[in-house]
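The structure appears below as structure tokens.
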Amino acid sequence: MQRSDRPGPLSGLLVVDMTRVLAGPFCTLLLADLGARVIKIERPGRGDDARGIGPLVEGRSAYFLSLNRGKESIALDIQARGDRAIFERLLARADVLVENFRPGVLDRLGYGADVLAARFPRLVLASISGFGQTGPFSERPAYDVVAQAMGGLMSITGPEDGAPVRVGTSIGDLAAGLFAALGIVASLRHRDRGGSAAPIDVAMLDCQVALLENAIARLAATGEVPKPLGTRHPSIAPFEAFAAADRPLVVGVGNDALFRRLAETLGVPALADDVRFTTNAARCAHLAALRAALAERFAMASCETWLARLEAAGIPCGPIQDVAQVIEHPQVRARNMIVSIQDPAGPFPVAGNPIKSPAFDDPPTRPPAPALDEGRARILAWLAEEETP
């Protein structure tokens, strides 16, 4: 099967990918997983910066492999006349162009939004940047840690009364890639219903603000600036981690009926009738006492013992798993969330596609990430076929 022939809801769409490192490649990976053909434009001789980011497997970046599987690569110097002509031939056939340059770079290359709209009216331009195409910070560079810091996420992440902590995955980049993919699909829908191919402007900072969930609402409602809370929820209790006799687990008790069931399961049914704990509001107001009472009970048995009892009682719970445990978990495996790249160096496990649909296959193996410029001959031959009268 050619990479352009994979089935999926976006099958038949051509995406020209000028992105590098994480936010943009994650966006185009999502589109590729949904069936789009993604042709990655890379710098001659060097390629995507991510090709040099470790860890390395037989000299190849595992980081790059995981983000660029199933794509095609062609190396083009956009400022060279011949390569520029190839690039424009691709744009003439493409549905989407995704880029994550700093604002202004695409204009200086001669491919600003207005130029593209005039020359390629069906092309959706999706731009991903640190701060967006407008605003006083628009030309500033940004990496994930900057977006997490400036977007407020770090200020509410970490142990109670502790220093701000970066989220363990690059959520600043990943959120931008997710929102960009959604914006692209929305613009394509608009275009295909007779509208224009509206450009998409996604900023990492904006996406972090969008993910603040109820932190903004809490600030507006109470006037108090949210702070790190460890594993607990700011307005639901108990909703956090507790230490069992051997290792921790988490419970989420979202209503009073569940709390009564929890108290009974822990062998302390009187807790549910204690006026300090009868309602969620009361439990939040007396959190220290609640946590102390629950911690004492959880420490009396193993994690597996408590999980079995809690699950039998229908109480949301789970162990705190490391990554090695996650990738071997039977539910994760059953959902095909660990798939294998058919890499020349051998099978390589990566995260699968979380968007499941009975209308489309979800194969356990996926095409490899391309070597730099690997697709040149195939892409040029395809372009020649398309241009033949």
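Every chain in the structure tokens takes a letter, A first, then B, and so on in the order presented; its residues are numbered from 1, and the ligands are numbered from 1 following the presented order.
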Next on the checklist: I want to know what sits within 12 Å of A:Glu139, based on only C-alpha atoms, with residues of the same chain fewer than 3 positions away left out; could you give that as a ChimeraX atom specification?
Outcome noted: /A:101-105,129-136,142,203
How close does each residue of stretch 79-116 of chain A get to stretch 40-54 of chain A, giving the shortest atom pair and distance in Å to one decimal for every residue with an atom at most 10 Å away, counting only C-alpha atoms, sorted by chain and residue number, as CSV?
residue,atom,partner,partner_atom,distance
A:Phe87,CA,A:Ile41,CA,8.5
A:Val98,CA,A:Lys40,CA,9.6
A:Glu99,CA,A:Ile41,CA,9.9
I need the residues from that last selection saved to file as a short mmCIF file (atom, residue, chain, number, x, y, z; two decimals), in the first residue's frame (with C-alpha atoms), if you can.
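For reference, again03.cif as written:
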data_model
loop_
_atom_site.label_atom_id
_atom_site.label_comp_id
_atom_site.auth_asym_id
_atom_site.auth_seq_id
_atom_site.Cartn_x
_atom_site.Cartn_y
_atom_site.Cartn_z
CA PHE A 87 7.00 23.38 -4.02
CA VAL A 98 0.90 23.56 7.66
CA GLU A 99 3.80 25.74 8.85
#
Checklist entry - stretch 39-234 of chain A: which residues are strand (DSSP E or B) by DSSP, as a ChimeraX atom specification? => result /A:39-42,56-57,60-61,72-75,96-99,124-129,200-203
Next on the checklist: With only C-alpha atoms as the counted atoms, please give the residues lying no more than 7 Å from A:Phe242, apart from itself and same-chain residues fewer than 4 positions off, as a PyMOL selection string.
Outcome noted: chain A and resi 248-250+295+298
Keeping N, CA and C atoms, export the residues of the selection given above as an mmCIF file, in the first residue's frame.
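Below is the file that was written, part31.cif:
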data_model
loop_
_atom_site.group_PDB
_atom_site.id
_atom_site.type_symbol
_atom_site.label_atom_id
_atom_site.label_comp_id
_atom_site.auth_asym_id
_atom_site.auth_seq_id
_atom_site.Cartn_x
_atom_site.Cartn_y
_atom_site.Cartn_z
ATOM 1 N N PRO A 248 0.911 3.935 45.802
ATOM 2 C CA PRO A 248 -0.264 4.821 45.791
ATOM 3 C C PRO A 248 -1.316 4.416 44.772
ATOM 4 N N LEU A 249 -2.524 4.929 44.994
ATOM 5 C CA LEU A 249 -3.624 4.806 44.061
ATOM 6 C C LEU A 249 -4.403 6.110 44.091
ATOM 7 N N VAL A 250 -5.285 6.294 43.127
ATOM 8 C CA VAL A 250 -6.121 7.493 43.108
ATOM 9 C C VAL A 250 -7.581 7.096 43.182
ATOM 10 N N ALA A 295 -6.588 8.509 54.642
ATOM 11 C CA ALA A 295 -5.204 8.033 54.557
ATOM 12 C C ALA A 295 -4.948 6.911 55.550
ATOM 13 N N PHE A 298 -6.502 3.704 53.994
ATOM 14 C CA PHE A 298 -5.794 3.201 52.812
ATOM 15 C C PHE A 298 -4.454 2.566 53.176
#
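In terms of minimum interatomic distance to A:Pro121, A:Gly195 ranks closest within A:Pro319, A:Pro141, A:Gly195, A:Gly314, counting only C-alpha atoms.
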Checklist entry - What separation in Å, quoted to one decimal, exists between atom CA of A:Leu178 and atom CA of A:Ala215? => result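 Interatomic distance, atom CA of A:Leu178 to atom CA of A:Ala215: 20.9 Å.
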Residues of stretch 27-132 of chain A that approach stretch 338-342 of chain A to 12 Å or less, counting only C-alpha atoms: could you list each one with the shortest pair of atoms and its distance in Å to one decimal, rows by chain and increasing residue number, as a tab-separated table?
residue	atom	partner	partner_atom	distance
A:Asp33	CA	A:Val339	CA	11.8
A:Ala62	CA	A:Ile341	CA	10.9
A:Leu65	CA	A:Ile341	CA	8.3
A:Ser66	CA	A:Ile341	CA	8.3
A:Leu67	CA	A:Ile341	CA	11.0
A:Asn68	CA	A:Ile341	CA	10.5
A:Arg69	CA	A:Ile341	CA	7.2
A:Gly70	CA	A:Ile341	CA	8.9
Name all residues at most 9 Å from stretch 155-159 of chain A (count only C-alpha atoms; drop same-chain ones fewer than 3 positions away) and give them as a short mmCIF file (atom, residue, chain, number, x, y, z; two decimals) with N, CA and C atoms, in the first residue's frame.
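Now in out.cif:
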data_model
loop_
_atom_site.label_atom_id
_atom_site.label_comp_id
_atom_site.auth_asym_id
_atom_site.auth_seq_id
_atom_site.Cartn_x
_atom_site.Cartn_y
_atom_site.Cartn_z
N GLN A 148 3.97 26.84 28.65
CA GLN A 148 3.42 26.37 29.92
C GLN A 148 3.59 27.42 31.02
N ALA A 149 4.73 28.10 31.02
CA ALA A 149 4.98 29.11 32.05
C ALA A 149 4.08 30.32 31.87
N GLY A 151 1.40 30.61 30.04
CA GLY A 151 -0.02 30.29 29.93
C GLY A 151 -0.66 29.93 31.25
N GLY A 152 0.10 29.95 32.34
CA GLY A 152 -0.48 29.71 33.66
C GLY A 152 -0.47 28.26 34.12
N GLY A 162 4.42 24.01 46.85
CA GLY A 162 5.71 23.77 46.22
C GLY A 162 5.97 24.73 45.07
N ALA A 163 7.14 24.58 44.47
CA ALA A 163 7.51 25.42 43.33
C ALA A 163 6.73 24.98 42.09
N PRO A 164 6.50 25.89 41.15
CA PRO A 164 5.82 25.52 39.91
C PRO A 164 6.57 24.40 39.19
N VAL A 165 5.81 23.53 38.53
CA VAL A 165 6.38 22.36 37.86
C VAL A 165 5.87 22.27 36.43
N ARG A 166 6.77 21.97 35.51
CA ARG A 166 6.37 21.74 34.12
C ARG A 166 5.65 20.40 34.03
N VAL A 167 4.56 20.36 33.27
CA VAL A 167 3.86 19.10 33.02
C VAL A 167 4.83 18.14 32.32
N ALA A 215 -9.75 27.03 36.19
CA ALA A 215 -8.89 27.95 36.94
C ALA A 215 -9.32 29.40 36.74
N PRO A 226 -5.43 30.79 41.68
CA PRO A 226 -5.21 29.35 41.87
C PRO A 226 -3.74 29.01 42.06
N LYS A 227 -3.49 28.01 42.88
CA LYS A 227 -2.14 27.56 43.20
C LYS A 227 -2.02 26.06 42.96
N PRO A 228 -0.80 25.51 42.97
CA PRO A 228 -0.65 24.05 42.83
C PRO A 228 -1.34 23.30 43.97
N LEU A 229 -1.96 22.18 43.64
CA LEU A 229 -2.71 21.41 44.62
C LEU A 229 -2.27 19.95 44.67
N GLY A 230 -1.12 19.64 44.10
CA GLY A 230 -0.72 18.24 44.07
C GLY A 230 -1.65 17.45 43.19
N THR A 231 -2.16 16.33 43.71
CA THR A 231 -3.06 15.51 42.89
C THR A 231 -4.53 15.82 43.13
#
Item to check | A:Leu205, A:Leu212, A:Ala118, A:Ala257 ranked by distance to A:Thr278, top pick (using only C-alpha atoms) | outcome: A:Ala257
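Of the listed residues (A:Leu294, A:Met204, A:Leu174, A:Leu262), A:Met204 comes nearest to A:Ser138; the distances count only C-alpha atoms.
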Item to check | Of the listed residues A:Arg37, A:Ile320, A:Ala312, A:Glu387, that which approaches A:Arg261 most closely, counting only C-alpha atoms | outcome: A:Ala312
Next on the checklist: Env of stretch 7-16 of chain A: 10 Å cut, atoms = only C-alpha atoms, seq-sep filter 6 positions within chain, self excluded. Answer as a ChimeraX atom specification.
Outcome noted: /A:28,31-41,71-72,87,90-91,93-99,123-125,185,188,357,359-362
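For stretch 61-105 of chain A, the set of residues given alpha helix (DSSP H) by DSSP on the backbone reads Ala62, Tyr63, Phe64, Leu65, Ser66, Leu67, Asn68, Arg81, Gly82, Asp83, Arg84, Ala85, Ile86, Phe87, Glu88, Arg89, Leu90, Leu91, Ala92, Arg93 and Val105 of chain A.
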Write the residues of the preceding selection, restricted to C-alpha atoms, as a PDB file, in the first residue's frame.
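Wrote out_15.pdb, looks like this:
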ATOM      1  CA  ALA A  62      13.177   7.790  18.268  1.00  0.00           C
ATOM      2  CA  TYR A  63      11.614  11.217  18.844  1.00  0.00           C
ATOM      3  CA  PHE A  64      11.433  11.847  15.091  1.00  0.00           C
ATOM      4  CA  LEU A  65      10.201   8.325  14.333  1.00  0.00           C
ATOM      5  CA  SER A  66       7.267   8.642  16.704  1.00  0.00           C
ATOM      6  CA  LEU A  67       6.079  11.978  15.274  1.00  0.00           C
ATOM      7  CA  ASN A  68       6.604  11.462  11.555  1.00  0.00           C
ATOM      8  CA  ARG A  81      14.277  28.409  -8.309  1.00  0.00           C
ATOM      9  CA  GLY A  82      13.995  24.727  -9.193  1.00  0.00           C
ATOM     10  CA  ASP A  83      12.909  23.637  -5.726  1.00  0.00           C
ATOM     11  CA  ARG A  84      10.539  26.560  -5.527  1.00  0.00           C
ATOM     12  CA  ALA A  85       8.840  25.334  -8.696  1.00  0.00           C
ATOM     13  CA  ILE A  86       8.421  21.853  -7.186  1.00  0.00           C
ATOM     14  CA  PHE A  87       6.996  23.382  -4.024  1.00  0.00           C
ATOM     15  CA  GLU A  88       4.430  25.376  -6.002  1.00  0.00           C
ATOM     16  CA  ARG A  89       3.435  22.291  -7.999  1.00  0.00           C
ATOM     17  CA  LEU A  90       2.708  20.594  -4.695  1.00  0.00           C
ATOM     18  CA  LEU A  91       0.712  23.578  -3.431  1.00  0.00           C
ATOM     19  CA  ALA A  92      -1.380  23.544  -6.592  1.00  0.00           C
ATOM     20  CA  ARG A  93      -2.542  20.034  -5.682  1.00  0.00           C
ATOM     21  CA  VAL A 105       8.910  34.227   7.653  1.00  0.00           C
TER      22      VAL A 105
END
Next on the checklist: Could you check the closest approach to A:Pro199 for each of A:Val253, A:Ala186, A:Ala272, A:Leu109 and tell me which residue wins, using only C-alpha atoms?
Outcome noted: A:Ala186
Checklist entry - Mind pulling up the distance from atom CA of A:Pro349 to atom CA of A:Val57? => result 12.1 Å
